[in-house]
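**Q** Here you go, model.tsv (TSV, C-alpha atoms):
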```
chain	number	residue	atom	x	y	z
A	1	MET	CA	-8.09	19.88	21.89
A	2	ASN	CA	-11.12	19.72	19.68
A	3	ILE	CA	-9.57	20.28	16.25
A	4	LEU	CA	-10.10	17.40	13.87
A	5	ARG	CA	-6.73	16.26	12.56
A	6	PRO	CA	-6.51	15.76	8.80
A	7	LEU	CA	-5.54	12.45	7.28
A	8	SER	CA	-2.31	12.57	5.29
A	9	PRO	CA	-2.77	12.01	1.54
A	10	HIS	CA	-2.47	8.40	0.43
A	11	LEU	CA	-3.94	7.35	-2.89
A	12	PRO	CA	-3.54	10.70	-4.67
A	13	ILE	CA	0.17	10.98	-3.98
A	14	TYR	CA	1.51	7.47	-3.64
A	15	LYS	CA	3.47	6.48	-6.72
A	16	PRO	CA	1.95	3.39	-8.32
A	17	GLN	CA	4.57	0.67	-8.43
A	18	LEU	CA	4.78	-2.71	-10.07
A	19	THR	CA	4.12	-4.37	-6.74
A	20	SER	CA	0.93	-2.40	-6.18
A	21	THR	CA	-0.60	-2.43	-9.68
A	22	PHE	CA	-0.56	-6.22	-10.06
A	23	PRO	CA	-2.91	-7.07	-7.16
A	24	ILE	CA	-5.38	-4.28	-7.84
A	25	SER	CA	-5.70	-5.19	-11.50
A	26	ASN	CA	-6.14	-8.79	-10.39
A	27	ARG	CA	-9.07	-7.66	-8.30
A	28	ILE	CA	-10.51	-5.48	-11.08
A	29	SER	CA	-10.25	-8.23	-13.67
A	30	GLY	CA	-11.80	-10.63	-11.18
A	31	ALA	CA	-14.74	-8.31	-10.60
A	32	PHE	CA	-15.17	-7.80	-14.35
A	33	LEU	CA	-15.18	-11.54	-15.06
A	34	THR	CA	-17.58	-12.11	-12.17
A	35	THR	CA	-20.15	-9.69	-13.58
A	36	ILE	CA	-19.93	-11.35	-16.97
A	37	VAL	CA	-20.36	-14.83	-15.52
A	38	PHE	CA	-23.19	-13.62	-13.30
A	39	PHE	CA	-25.21	-12.09	-16.11
A	40	PHE	CA	-24.54	-15.09	-18.30
A	41	TYR	CA	-25.84	-17.34	-15.53
A	42	LEU	CA	-28.98	-15.25	-15.05
A	43	LEU	CA	-29.60	-15.39	-18.79
A	44	CYS	CA	-29.16	-19.16	-18.85
A	45	LEU	CA	-31.62	-19.52	-15.98
A	46	LYS	CA	-34.17	-17.60	-17.97
A	47	ILE	CA	-33.67	-19.44	-21.23
A	48	GLY	CA	-33.00	-22.84	-19.81
A	49	LEU	CA	-30.08	-25.18	-20.29
A	50	ILE	CA	-31.61	-26.62	-23.46
A	51	CYS	CA	-30.35	-23.52	-25.30
A	52	PHE	CA	-26.80	-24.90	-25.42
A	53	THR	CA	-27.88	-27.58	-27.84
A	54	TYR	CA	-29.23	-25.01	-30.26
A	55	GLU	CA	-26.35	-23.89	-32.50
A	56	ASN	CA	-27.66	-20.39	-33.19
A	57	VAL	CA	-27.23	-19.48	-29.51
A	58	TYR	CA	-23.51	-19.14	-30.03
A	59	GLN	CA	-24.10	-16.94	-33.09
A	60	ILE	CA	-26.33	-14.66	-31.01
A	61	PHE	CA	-23.69	-14.34	-28.29
A	62	PHE	CA	-20.94	-13.62	-30.77
A	63	TYR	CA	-22.85	-10.94	-32.65
A	64	SER	CA	-24.29	-9.31	-29.55
A	65	SER	CA	-20.84	-9.00	-28.04
A	66	LYS	CA	-19.79	-7.08	-31.14
A	67	LEU	CA	-22.17	-4.29	-30.09
A	68	ILE	CA	-19.54	-3.15	-27.59
A	69	LEU	CA	-16.32	-2.49	-29.47
A	70	ILE	CA	-13.55	-4.90	-28.39
A	71	SER	CA	-15.36	-6.62	-25.55
A	72	VAL	CA	-14.29	-10.12	-26.51
A	73	GLU	CA	-10.62	-9.18	-26.59
A	74	ILE	CA	-10.84	-7.37	-23.28
A	75	THR	CA	-12.60	-10.29	-21.67
A	76	ALA	CA	-9.97	-12.68	-22.96
A	77	LEU	CA	-7.23	-10.42	-21.64
A	78	ALA	CA	-8.88	-10.14	-18.25
A	79	LEU	CA	-9.31	-13.88	-18.03
A	80	LEU	CA	-5.71	-14.58	-18.97
A	81	TYR	CA	-4.38	-11.99	-16.55
A	82	HIS	CA	-6.54	-13.23	-13.71
A	83	ILE	CA	-5.49	-16.84	-14.24
A	84	THR	CA	-1.81	-15.90	-14.44
A	85	ASN	CA	-2.01	-13.91	-11.22
A	86	GLY	CA	-3.87	-16.75	-9.55
A	87	VAL	CA	-1.12	-19.20	-10.50
A	88	ARG	CA	1.50	-16.77	-9.18
A	89	HIS	CA	-0.41	-16.57	-5.91
A	90	LEU	CA	-0.55	-20.32	-5.60
A	91	LEU	CA	3.16	-20.63	-6.27
A	92	THR	CA	4.21	-17.98	-3.81
A	93	ASP	CA	1.77	-18.85	-1.06
A	94	PHE	CA	2.65	-22.52	-0.98
A	95	SER	CA	6.32	-22.63	-1.76
A	96	GLY	CA	7.84	-19.30	-0.67
A	97	PHE	CA	9.56	-16.72	-2.83
B	1	MET	CA	41.79	29.19	3.08
B	2	ALA	CA	42.02	32.67	4.48
B	3	SER	CA	44.32	33.63	1.65
B	4	GLY	CA	41.74	32.28	-0.79
B	5	LEU	CA	39.07	34.49	0.74
B	6	VAL	CA	41.32	37.47	0.53
B	7	ARG	CA	42.10	36.71	-3.09
B	8	ARG	CA	38.38	36.37	-3.91
B	9	ALA	CA	37.70	39.67	-2.20
B	10	ILE	CA	40.38	41.26	-4.35
B	11	CYS	CA	38.93	39.80	-7.53
B	12	ARG	CA	35.45	41.15	-6.73
B	13	ALA	CA	36.57	44.63	-5.70
B	14	PRO	CA	36.73	46.73	-8.87
B	15	ALA	CA	37.67	49.99	-7.16
B	16	LEU	CA	41.09	48.91	-6.02
B	17	ALA	CA	44.03	50.97	-7.28
B	18	PRO	CA	46.05	49.07	-9.86
B	19	ALA	CA	49.30	49.50	-7.92
B	20	SER	CA	48.06	47.94	-4.70
B	21	ARG	CA	46.33	45.19	-6.65
B	22	ALA	CA	49.62	44.34	-8.29
B	23	VAL	CA	51.30	44.18	-4.88
B	24	ILE	CA	48.70	41.88	-3.36
B	25	ALA	CA	48.50	39.74	-6.46
B	26	ARG	CA	52.27	39.25	-6.32
B	27	GLN	CA	52.08	38.15	-2.73
B	28	HIS	CA	49.75	35.29	-3.52
B	29	ALA	CA	51.31	34.36	-6.84
B	30	SER	CA	52.26	30.90	-5.60
B	31	GLU	CA	48.64	30.04	-4.88
B	32	ALA	CA	47.38	31.25	-8.25
B	33	GLU	CA	47.00	27.77	-9.72
B	34	ALA	CA	45.17	26.46	-6.67
B	35	GLN	CA	42.75	29.37	-6.63
B	36	GLN	CA	41.86	29.11	-10.30
B	37	VAL	CA	39.59	26.09	-9.68
B	38	GLU	CA	37.20	27.91	-7.39
B	39	PRO	CA	35.54	30.58	-9.58
B	40	LYS	CA	34.34	27.93	-12.07
B	41	ALA	CA	32.53	25.91	-9.38
B	42	ARG	CA	30.75	28.99	-8.19
B	43	ALA	CA	29.42	29.92	-11.62
B	44	ASP	CA	25.88	28.45	-11.65
B	45	SER	CA	23.57	27.64	-8.78
B	46	LYS	CA	21.26	24.66	-9.16
B	47	PRO	CA	17.81	25.62	-8.01
B	48	LYS	CA	15.45	22.90	-6.86
B	49	THR	CA	11.89	23.32	-5.72
B	50	PHE	CA	10.40	21.34	-2.88
B	51	GLN	CA	6.67	21.15	-2.37
B	52	ILE	CA	6.11	20.37	1.28
B	53	TYR	CA	2.80	19.46	2.96
B	54	ARG	CA	1.94	22.06	5.61
B	55	TRP	CA	-0.84	22.09	8.17
B	56	ASN	CA	-0.94	24.13	11.33
B	57	PRO	CA	-3.16	22.92	14.19
B	58	ASP	CA	-3.06	26.36	15.86
B	59	SER	CA	-4.71	28.07	12.90
B	60	PRO	CA	-6.48	25.19	11.24
B	61	GLN	CA	-7.23	25.66	7.58
B	62	LYS	CA	-7.05	23.20	4.74
B	63	PRO	CA	-3.63	21.57	4.47
B	64	GLU	CA	-1.57	22.93	1.61
B	65	LEU	CA	1.60	22.28	-0.37
B	66	ALA	CA	4.08	25.11	0.14
B	67	SER	CA	6.94	25.58	-2.33
B	68	TYR	CA	10.51	26.25	-1.25
B	69	GLU	CA	13.47	26.82	-3.53
B	70	ILE	CA	16.89	25.57	-2.55
B	71	ASN	CA	20.27	25.96	-4.19
B	72	LEU	CA	21.58	22.42	-4.39
B	73	LYS	CA	25.19	23.61	-4.37
B	74	GLU	CA	24.80	24.93	-0.85
B	75	CYS	CA	22.99	21.93	0.52
B	76	GLY	CA	23.89	18.41	1.60
B	77	PRO	CA	22.87	15.48	-0.60
B	78	MET	CA	20.03	14.07	1.45
B	79	VAL	CA	16.44	15.26	1.77
B	80	LEU	CA	16.93	15.76	5.51
B	81	ASP	CA	19.72	18.25	4.76
B	82	ALA	CA	17.32	20.20	2.55
B	83	LEU	CA	14.60	20.17	5.23
B	84	ILE	CA	17.02	21.41	7.87
B	85	LYS	CA	18.25	24.12	5.51
B	86	ILE	CA	14.70	25.26	4.84
B	87	LYS	CA	13.98	25.32	8.56
B	88	ASN	CA	17.16	27.24	9.34
B	89	GLU	CA	17.03	29.81	6.58
B	90	MET	CA	13.56	30.10	5.08
B	91	ASP	CA	10.76	28.93	7.35
B	92	PRO	CA	11.43	28.09	11.01
B	93	THR	CA	7.87	26.85	11.50
B	94	LEU	CA	8.45	23.74	9.36
B	95	THR	CA	7.99	20.76	11.69
B	96	PHE	CA	9.40	17.29	11.20
B	97	ARG	CA	10.87	14.50	13.28
B	98	ARG	CA	14.57	13.71	13.02
B	99	SER	CA	17.28	12.33	15.28
B	100	CYS	CA	20.21	10.28	14.10
B	101	ARG	CA	20.62	11.54	10.49
B	102	GLU	CA	22.07	8.18	9.54
B	103	GLY	CA	19.13	5.86	8.97
B	104	ILE	CA	19.07	3.96	12.23
B	105	CYS	CA	16.49	5.70	14.42
B	106	GLY	CA	13.56	5.77	12.00
B	107	SER	CA	12.29	9.19	13.10
B	108	CYS	CA	12.47	10.97	9.74
B	109	ALA	CA	10.20	8.55	7.86
B	110	MET	CA	8.08	10.45	5.32
B	111	ASN	CA	6.74	10.20	1.81
B	112	ILE	CA	9.20	11.64	-0.73
B	113	ASP	CA	8.05	11.89	-4.35
B	114	GLY	CA	5.31	9.35	-3.80
B	115	ARG	CA	7.47	6.72	-2.11
B	116	ASN	CA	7.97	6.12	1.60
B	117	GLY	CA	11.47	6.36	2.93
B	118	LEU	CA	13.81	7.90	5.48
B	119	ALA	CA	14.65	11.52	4.73
B	120	CYS	CA	18.21	11.05	5.95
B	121	LEU	CA	18.82	8.20	3.52
B	122	THR	CA	17.01	9.50	0.43
B	123	LYS	CA	19.16	11.49	-1.97
B	124	ILE	CA	17.61	14.62	-3.40
B	125	PRO	CA	16.57	13.92	-7.00
B	126	SER	CA	18.52	16.43	-9.04
B	127	ASP	CA	15.85	17.55	-11.47
B	128	GLY	CA	12.38	18.98	-11.29
B	129	LEU	CA	10.00	19.22	-8.42
B	130	THR	CA	10.04	17.05	-5.32
B	131	MET	CA	6.91	16.58	-3.25
B	132	ILE	CA	7.31	15.76	0.42
B	133	THR	CA	4.24	14.64	2.35
B	134	PRO	CA	3.88	12.84	5.66
B	135	LEU	CA	3.41	9.08	5.92
B	136	PRO	CA	0.21	8.18	4.03
B	137	HIS	CA	-3.14	7.69	5.72
B	138	MET	CA	-2.07	8.74	9.20
B	139	TYR	CA	-3.50	11.53	11.30
B	140	VAL	CA	-1.32	14.62	10.99
B	141	ILE	CA	-0.29	16.37	14.20
B	142	LYS	CA	1.56	19.19	12.43
B	143	ASP	CA	3.23	19.54	9.02
B	144	LEU	CA	5.20	16.31	8.52
B	145	VAL	CA	4.64	14.84	12.00
B	146	VAL	CA	2.02	12.09	12.21
B	147	ASP	CA	0.30	10.30	15.04
B	148	MET	CA	2.05	6.95	15.54
B	149	THR	CA	0.16	5.74	18.65
B	150	ASN	CA	-1.93	3.21	16.72
B	151	PHE	CA	1.22	1.82	15.09
B	152	TYR	CA	3.01	1.47	18.43
B	153	ASN	CA	-0.03	-0.10	20.07
B	154	GLN	CA	-0.17	-2.73	17.36
B	155	TYR	CA	3.51	-3.49	17.96
B	156	LYS	CA	2.84	-3.79	21.68
B	157	SER	CA	-0.13	-6.10	21.08
B	158	ILE	CA	2.02	-8.88	19.61
B	159	GLU	CA	4.01	-8.96	22.89
B	160	PRO	CA	7.53	-8.44	21.52
B	161	TRP	CA	9.44	-9.96	24.44
B	162	LEU	CA	10.83	-13.36	25.29
B	163	LYS	CA	8.30	-15.62	26.96
B	164	ARG	CA	9.32	-18.90	28.48
B	165	LYS	CA	7.44	-21.59	30.32
B	166	SER	CA	10.46	-23.37	31.77
B	167	PRO	CA	13.39	-21.71	33.53
B	168	PRO	CA	16.68	-21.54	31.61
B	169	GLU	CA	19.04	-24.52	31.78
B	170	GLU	CA	21.80	-22.67	33.61
B	171	GLN	CA	20.43	-20.34	36.27
B	172	GLY	CA	21.70	-16.82	35.95
B	173	LYS	CA	23.29	-17.38	32.54
B	174	GLU	CA	22.00	-16.60	29.06
B	175	ILE	CA	19.81	-19.01	27.14
B	176	ARG	CA	21.92	-20.78	24.52
B	177	GLN	CA	21.12	-20.52	20.84
B	178	SER	CA	22.92	-22.16	17.94
B	179	LYS	CA	24.27	-20.17	15.00
B	180	GLU	CA	21.68	-21.67	12.65
B	181	ASP	CA	18.85	-20.62	14.94
B	182	ARG	CA	20.31	-17.15	15.19
B	183	LYS	CA	20.48	-16.96	11.40
B	184	LYS	CA	16.73	-17.43	11.25
B	185	LEU	CA	16.32	-14.02	12.85
B	186	ASP	CA	18.31	-12.24	10.13
B	187	GLY	CA	16.09	-9.97	8.11
B	188	MET	CA	13.78	-9.34	11.05
B	189	TYR	CA	15.81	-8.00	13.93
B	190	GLU	CA	17.10	-5.05	11.85
B	191	CYS	CA	13.66	-3.44	11.80
B	192	ILE	CA	13.79	0.10	13.18
B	193	LEU	CA	10.00	0.59	13.43
B	194	CYS	CA	10.03	3.57	11.09
B	195	ALA	CA	6.52	2.64	9.79
B	196	CYS	CA	7.48	3.12	6.13
B	197	CYS	CA	6.19	-0.36	5.26
B	198	SER	CA	2.88	-0.27	7.14
B	199	THR	CA	1.96	3.13	5.76
B	200	SER	CA	2.73	2.01	2.21
B	201	CYS	CA	0.33	-0.94	2.39
B	202	PRO	CA	-3.09	-0.12	0.84
B	203	SER	CA	-4.61	-2.88	2.98
B	204	TYR	CA	-3.35	-1.06	6.06
B	205	TRP	CA	-4.82	2.20	4.72
B	206	TRP	CA	-8.29	0.75	4.50
B	207	ASN	CA	-8.20	-1.18	7.82
B	208	PRO	CA	-5.70	0.60	10.09
B	209	GLU	CA	-7.18	-0.50	13.39
B	210	SER	CA	-7.92	-4.14	12.65
B	211	TYR	CA	-5.07	-5.15	10.34
B	212	LEU	CA	-1.76	-5.34	12.19
B	213	GLY	CA	0.36	-4.13	9.27
B	214	PRO	CA	3.66	-5.43	7.87
B	215	ALA	CA	5.87	-4.00	10.64
B	216	ALA	CA	3.97	-5.61	13.54
B	217	LEU	CA	3.66	-8.88	11.61
B	218	LEU	CA	7.39	-8.87	10.85
B	219	HIS	CA	8.08	-8.59	14.54
B	220	ALA	CA	5.47	-11.26	15.30
B	221	ASN	CA	7.39	-13.55	12.98
B	222	ARG	CA	10.66	-12.55	14.65
B	223	TRP	CA	9.35	-13.83	17.98
B	224	ILE	CA	7.71	-16.87	16.45
B	225	MET	CA	10.99	-17.90	14.78
B	226	ASP	CA	13.08	-17.26	17.90
B	227	SER	CA	14.21	-20.63	19.21
B	228	ARG	CA	14.51	-19.36	22.76
B	229	ASP	CA	10.85	-18.37	22.93
B	230	GLU	CA	8.49	-21.11	24.10
B	231	TYR	CA	5.12	-19.56	23.43
B	232	THR	CA	5.18	-20.19	19.66
B	233	LYS	CA	1.77	-21.84	19.47
B	234	GLU	CA	0.09	-19.10	21.51
B	235	ARG	CA	1.70	-16.42	19.34
B	236	LEU	CA	0.49	-18.11	16.17
B	237	ASP	CA	-3.03	-18.40	17.56
B	238	ALA	CA	-3.07	-14.77	18.61
B	239	VAL	CA	-2.38	-13.61	15.06
B	240	ASN	CA	-4.58	-16.21	13.34
B	241	ASP	CA	-7.45	-13.80	12.90
B	242	GLU	CA	-9.37	-12.91	9.75
B	243	TYR	CA	-8.39	-9.27	10.15
B	244	LYS	CA	-5.06	-9.27	11.96
B	245	LEU	CA	-3.17	-11.41	9.48
B	246	TYR	CA	-5.32	-12.19	6.49
B	247	ARG	CA	-5.88	-8.68	5.28
B	248	CYS	CA	-2.49	-9.15	3.66
B	249	HIS	CA	-3.06	-9.83	-0.04
B	250	THR	CA	0.67	-9.92	-0.90
B	251	ILE	CA	0.60	-6.50	-2.47
B	252	LEU	CA	4.28	-6.25	-1.46
B	253	ASN	CA	4.48	-2.45	-1.35
B	254	CYS	CA	6.11	-2.97	2.05
B	255	ALA	CA	9.21	-4.67	0.65
B	256	LYS	CA	9.63	-1.87	-1.89
B	257	ALA	CA	9.31	0.84	0.77
B	258	CYS	CA	11.56	-0.56	3.51
B	259	PRO	CA	14.62	1.72	3.86
B	260	LYS	CA	16.63	-1.04	5.55
B	261	GLY	CA	16.00	-3.49	2.71
B	262	LEU	CA	13.88	-5.91	4.71
B	263	ASN	CA	11.04	-7.94	3.24
B	264	PRO	CA	8.01	-7.94	5.54
B	265	GLY	CA	5.92	-9.65	2.87
B	266	MET	CA	8.14	-12.71	3.03
B	267	GLN	CA	7.85	-12.85	6.82
B	268	ILE	CA	4.07	-12.64	6.56
B	269	GLN	CA	4.14	-15.52	4.08
B	270	ASN	CA	6.12	-17.43	6.69
B	271	ILE	CA	3.45	-16.88	9.32
B	272	LYS	CA	0.69	-17.86	6.90
B	273	LYS	CA	2.55	-21.06	6.06
B	274	LEU	CA	3.02	-21.91	9.71
B	275	GLU	CA	-0.69	-21.45	10.28
B	276	LEU	CA	-1.56	-24.09	7.73
```
So, in terms of structure tokens, how does the structure I just supplied come out?

**A**
Amino acid sequence: MNILRPLSPHLPIYKPQLTSTFPISNRISGAFLTTIVFFFYLLCLKIGLICFTYENVYQIFFYSSKLILISVEITALALLYHITNGVRHLLTDFSGF
Amino acid sequence: MASGLVRRAICRAPALAPASRAVIARQHASEAEAQQVEPKARADSKPKTFQIYRWNPDSPQKPELASYEINLKECGPMVLDALIKIKNEMDPTLTFRRSCREGICGSCAMNIDGRNGLACLTKIPSDGLTMITPLPHMYVIKDLVVDMTNFYNQYKSIEPWLKRKSPPEEQGKEIRQSKEDRKKLDGMYECILCACCSTSCPSYWWNPESYLGPAALLHANRWIMDSRDEYTKERLDAVNDEYKLYRCHTILNCAKACPKGLNPGMQIQNIKKLEL
């Protein structure tokens, strides 16, 4: 028989549940925070660690983040969510349900 | 019951002569109160539309969702009743697996309204549209029947039988097990291998051949926790693979999908803890 069998639909039809949305948003928030940390690290390499002693550096970061609308709030939310999920993982993986 | 049918026939026949109608009506006068309940129940029919995934290997085109309308008053409560009714009355080519109709064989596992479950145990939701598709991310043989060979091979690979190094204490008699040891198997031996849990796990969708899946891992734990089995260390080492066990990220869709109420995620946690 040389007919290719189709794959039954998975992501398009499966109802998103509480159990499935938590881990994927953990991964998404983790990826988001990683890109931010990565670019921040690259920037620091370029400028040099001496920049942290200069007080206007923090002003530059604050005002440049305002270019994108609520980026600071979203980053804070992602960080909080990622940490909370990480703690939940630690609790369940090392002491059962 | 026959008298009720006769009475209903009389009610529907408008051309009857008034005299004969009076005679027949008088004959069944004693059953008048009992018969009055029936016409009200017959008044409205509840239509319900099912959208069912169809694909025919003999004339292969793109798979499609075909709509079927069913009157819920003439159908049993479970989705399997509706499927059988569609197959009997509307479309005999609809193909699906079924056997026990009571939730113990695991044949009728399919995806109903986005959630995996057994068709014989899932009640038909009374409103709107219901979508029935086969188990997610499996190769479709026809309509709602999927290819389960990979799933069964993974179950076979964990060697689900008793393995002992030493002969039993009493030759020819059963190996003794205390009640506490037997209790450790509760929550694992009830698994009917319906594959609802494994096909609900996104991790299993993306790595079907390398990740064993919640069902096989639940059974692996069942044999690891069995006090009569003496190959515990070898079983733990066999599963201790980056792909076989550790693709589980505790998404826990499996526990939500299990029609028998088991929790494969918890059993996988058990294995992970034993590996530490």

**Q** Work out how far apart atom CA of B:Cys100 and atom CA of B:Asn263 are and give it in Å to one decimal.

**A**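 Atom CA of B:Cys100 sits 23.1 Å away from atom CA of B:Asn263.
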
**Q** Please produce, as JSON lines, a per-residue contact table for chain A versus chain B (criterion: any atom at most 7 Å away, only C-alpha atoms considered), showing the nearest atom pair and its distance in Å to one decimal, sorted by chain then residue number.

**A**
```
{"residue": "A:Arg5", "atom": "CA", "partner": "B:Tyr139", "partner_atom": "CA", "distance": 5.9}
{"residue": "A:Pro6", "atom": "CA", "partner": "B:Val140", "partner_atom": "CA", "distance": 5.7}
{"residue": "A:Leu7", "atom": "CA", "partner": "B:Tyr139", "partner_atom": "CA", "distance": 4.6}
{"residue": "A:Ser8", "atom": "CA", "partner": "B:His137", "partner_atom": "CA", "distance": 5.0}
{"residue": "A:Pro9", "atom": "CA", "partner": "B:Pro136", "partner_atom": "CA", "distance": 5.5}
{"residue": "A:His10", "atom": "CA", "partner": "B:Pro136", "partner_atom": "CA", "distance": 4.5}
{"residue": "A:Ile13", "atom": "CA", "partner": "B:Gly114", "partner_atom": "CA", "distance": 5.4}
{"residue": "A:Tyr14", "atom": "CA", "partner": "B:Gly114", "partner_atom": "CA", "distance": 4.2}
{"residue": "A:Lys15", "atom": "CA", "partner": "B:Gly114", "partner_atom": "CA", "distance": 4.5}
{"residue": "A:Thr19", "atom": "CA", "partner": "B:Leu252", "partner_atom": "CA", "distance": 5.6}
{"residue": "A:Ser20", "atom": "CA", "partner": "B:Ile251", "partner_atom": "CA", "distance": 5.5}
{"residue": "A:Pro23", "atom": "CA", "partner": "B:Ile251", "partner_atom": "CA", "distance": 5.9}
{"residue": "A:Asp93", "atom": "CA", "partner": "B:Gln269", "partner_atom": "CA", "distance": 6.6}
```

**Q** Need to verify the contact set: B:Pro214, 6 Å, only C-alpha atoms, exclusion of same-chain residues closer than 4 positions in sequence. Can you return it as an MDAnalysis selection string?

**A** chainID B and resid 198 218 264

**Q** Atom CA of B:Ile175 to atom CA of B:Tyr152: how many Å, to one decimal?

**A**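 For atom CA of B:Ile175 relative to atom CA of B:Tyr152, the distance reads 27.9 Å.
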
**Q** Which residue gives the smallest distance to A:Thr21 among A:Tyr54, A:Ile68, A:Asn85, A:Thr92, with all atoms listed in the file counted?

**A**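 Of A:Tyr54, A:Ile68, A:Asn85, A:Thr92, the one nearest A:Thr21 is A:Asn85, counting all atoms listed in the file.
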
**Q** Kindly compute an axis-aligned box around the listed atoms of stretch 124-129 of chain B, allowing 4 Å on each side, and express its centre and edge lengths in Å to one decimal as JSON.

**A**
```
{"center_x": 14.3, "center_y": 16.6, "center_z": -7.4, "size_x": 16.5, "size_y": 13.3, "size_z": 16.1}
```

**Q** Could you name the residues that touch stretch 36-53 of chain A at 12 Å or less, counting all atoms listed in the file, but leaving out those on the same chain fewer than 3 positions away, as a PDB file with C-alpha atoms, in the coordinates of the input?

**A**
```pdb
ATOM      1  CA  SER A  29     -10.250  -8.230 -13.670  1.00  0.00           C
ATOM      2  CA  GLY A  30     -11.800 -10.630 -11.180  1.00  0.00           C
ATOM      3  CA  ALA A  31     -14.740  -8.310 -10.600  1.00  0.00           C
ATOM      4  CA  PHE A  32     -15.170  -7.800 -14.350  1.00  0.00           C
ATOM      5  CA  LEU A  33     -15.180 -11.540 -15.060  1.00  0.00           C
ATOM      6  CA  ASN A  56     -27.660 -20.390 -33.190  1.00  0.00           C
ATOM      7  CA  VAL A  57     -27.230 -19.480 -29.510  1.00  0.00           C
ATOM      8  CA  TYR A  58     -23.510 -19.140 -30.030  1.00  0.00           C
ATOM      9  CA  GLN A  59     -24.100 -16.940 -33.090  1.00  0.00           C
ATOM     10  CA  ILE A  60     -26.330 -14.660 -31.010  1.00  0.00           C
ATOM     11  CA  PHE A  61     -23.690 -14.340 -28.290  1.00  0.00           C
ATOM     12  CA  SER A  65     -20.840  -9.000 -28.040  1.00  0.00           C
ATOM     13  CA  SER A  71     -15.360  -6.620 -25.550  1.00  0.00           C
ATOM     14  CA  VAL A  72     -14.290 -10.120 -26.510  1.00  0.00           C
ATOM     15  CA  ILE A  74     -10.840  -7.370 -23.280  1.00  0.00           C
ATOM     16  CA  THR A  75     -12.600 -10.290 -21.670  1.00  0.00           C
ATOM     17  CA  ALA A  76      -9.970 -12.680 -22.960  1.00  0.00           C
ATOM     18  CA  ALA A  78      -8.880 -10.140 -18.250  1.00  0.00           C
ATOM     19  CA  LEU A  79      -9.310 -13.880 -18.030  1.00  0.00           C
TER      20      LEU A  79
END
```

**Q** Tell me, as a PyMOL selection string, which residues lie within 9 Å of stretch 76-86 of chain B, counting only C-alpha atoms; anything in the same chain fewer than 3 positions away does not count.

**A** chain B and resi 50+68-70+72-73+89-92+94+96+98+101+108+112+118-125

**Q** Mind giving me the straight-line distance from atom CA of B:Lys244 to atom CA of B:Arg222 in Å, one decimal?

**A**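 The value is 16.3 Å.
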
**Q** Neighbours of B:Glu234 within 12 Å (all atoms listed in the file; same-chain residues fewer than 4 positions away dropped), as JSON, numbers by chain?

**A** {"B": [158, 159, 163, 164, 165, 220, 223, 224, 229, 230, 238, 239, 240, 275]}
